[in-house]
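Here the structure comes first, spelled out in structure tokens, and everything after it is commentary.
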Amino acid sequence: MTHFQSSSDEIERFTEAAAGRLPVMLTGPTGCGKTQFVEHMAQQLGRPLITVTCHDDLSTADLVGRYIIEQGDVRWVDGPLTRAARLGAICYLDEVIEARRDSLAVLHSLADHRRSLYLERTGEVIQAPDTFMLVCSYNPRNRGSFKELRPSFRQRFVTLSFDYADAESEARIVAAEGGVALEVAARLVAYARSVREGTSHGLSEAPSTRLLVNAAILIAHGCTEHRAVEIAMVTPLSIGPAMEDSVRELVRASVLNGAK
Ligand SMILES: Nc1ncnc2c1ncn2[C@@H]1O[C@H](COP(=O)(O)OP(=O)(O)O)[C@@H](O)[C@H]1O
Ligand SMILES: [Mg+2]
């Protein structure tokens with residue numbers, strides 16, 4: 001069972017949207033628990049989950065399906081979106097902002113009252129069962145400048161904003177997911193929060209909850225805290241060597257003082 005620690009009303013609101021057959025958009029920084037949340041909700045609602053990781057080559061055919069030639073025969077193969085629409089699954093488009101705008105147009109009729117999918121190549125119209133649900137996620141702070149979702153797409157979704165949990169909840173998440181003591185997790189969180197504060201002073205990237213969990217896992221398997229923070233939380237950020245040094249200094253000076 002995927003473990004999700006809720007910090008707001010997201011479970012209730014998602015449940016209502018699912019019951020009301022509304023599509024949901026999750027926004028928030030990378031590694032704050034969006035995917036973990038969708039997996040948790042799929043399990044809780046008892047619906048299958050079909051995940052599509054979006055990228056800039058993603059075509060409509062990648063979503064709905066295509067004809068393939070197999071041992072001389074031409075055969076139609078459903079794509080993940082079509083499978084989800086037939087099955088009544090939750091279809092989760094992760095990082096939807098990465099997908100080409102024209103590939104997303106096929107979602108429109110599934111994301112409103114019609115709840116239908118037209119397969120242009122076969123002429124078939126699929127009417128999605130009540131349990132079908134469209135869920136998308138993206139990180140609005142990660143502005144690739146010209147990358148924006150069209151209003152006609154965005155405005156179809158109930159939108160739940162995610163962020164890193166408050167210090168106490170995040171420490172509980174890191175302790176549980178990483179398998180370390182709460183006090184160790186709390187030190188990692190305190191460090192991450194001080195670096196996140198730095199992002200308001202020009203630091204371009206900050207460690208996500210995911211990176212804290214990674215550091216915790218290393219520690220749980222025997223790594224020292226200093227080294228775990230270094231390789232799981234500092235080096236993965238692309239902030240440049242000079243910044244890395246000052247971040248390292250921050251760790252040494254304050255948060256991990258006294259830790260092994
Ligand atoms: N609220 C939470 N409850 C449980 N685990 C969480 C939570 N938030 C973050 N995590 C941890 O952080 C990791 C990254 O979260 P993920 O869902 O992949 O982030 P996102 O999809 O927002 O990029 C998860 O594998 C999980 O260990
Ligand atoms: Mg994700």
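Ligands are numbered from 1 in the order shown, residues from 1 within each chain, and chains are lettered A, B, ... in the order they appear in the structure tokens.
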
Inset, instruction - With only C-alpha atoms and all ligand atoms counted, collect every polymer residue having an atom within 8 Å of ligand 1; state the result as number ranges by chain. - result: A: 2-7, 28-38, 94, 137, 162, 164-165, 170, 173-174, 176-178, 208-213

Inset, instruction - Apply DSSP to the backbone of this structure and, from range 109-222 of chain A, keep only the residues in helix (DSSP H, G or I); write these as a PyMOL selection string. - result: chain A and resi 151-154+167-178+182-201+209-220

Legend entry - Every residue of range 2-221 of chain A that DSSP places in strand (DSSP E), as a PyMOL selection string: chain A and resi 24-27+49-53+65-70+73-78+90-94+116-119+124-127+133-138+158-161

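Atom pair CA of Met133 in chain A / CA of Val52 in chain A has a distance of 13.5 Å (rounded to one decimal).
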
Legend entry - All residues 10 Å or closer to Asp56 in chain A, only C-alpha atoms, same chain fewer than 4 positions away omitted, as a count of residues only: 7

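Residues lying within 10 Å of Ala105 in chain A, counting only C-alpha atoms and ignoring same-chain neighbours fewer than 6 positions away, are Thr60, Arg150, Ser152 and Phe153 of chain A.
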
Inset, instruction - Between A:Ala42, A:Val195, A:Leu26, A:Ala232, single out the one closest to ligand 2, counting only C-alpha atoms and all ligand atoms. - result: A:Leu26

Inset, instruction - Using only C-alpha atoms, determine which residues lie at most 12 Å from Ala19 in chain A, disregarding the query and same-chain residues fewer than 4 positions distant; provide the list as a PyMOL selection string. - result: chain A and resi 12-15+23-24+45+130-133

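Of the residues listed (A:Leu160, A:Leu49, A:Met41, A:Val184), A:Val184 shows the shortest atom-to-atom separation from Ile219 in chain A; distances use only C-alpha atoms.
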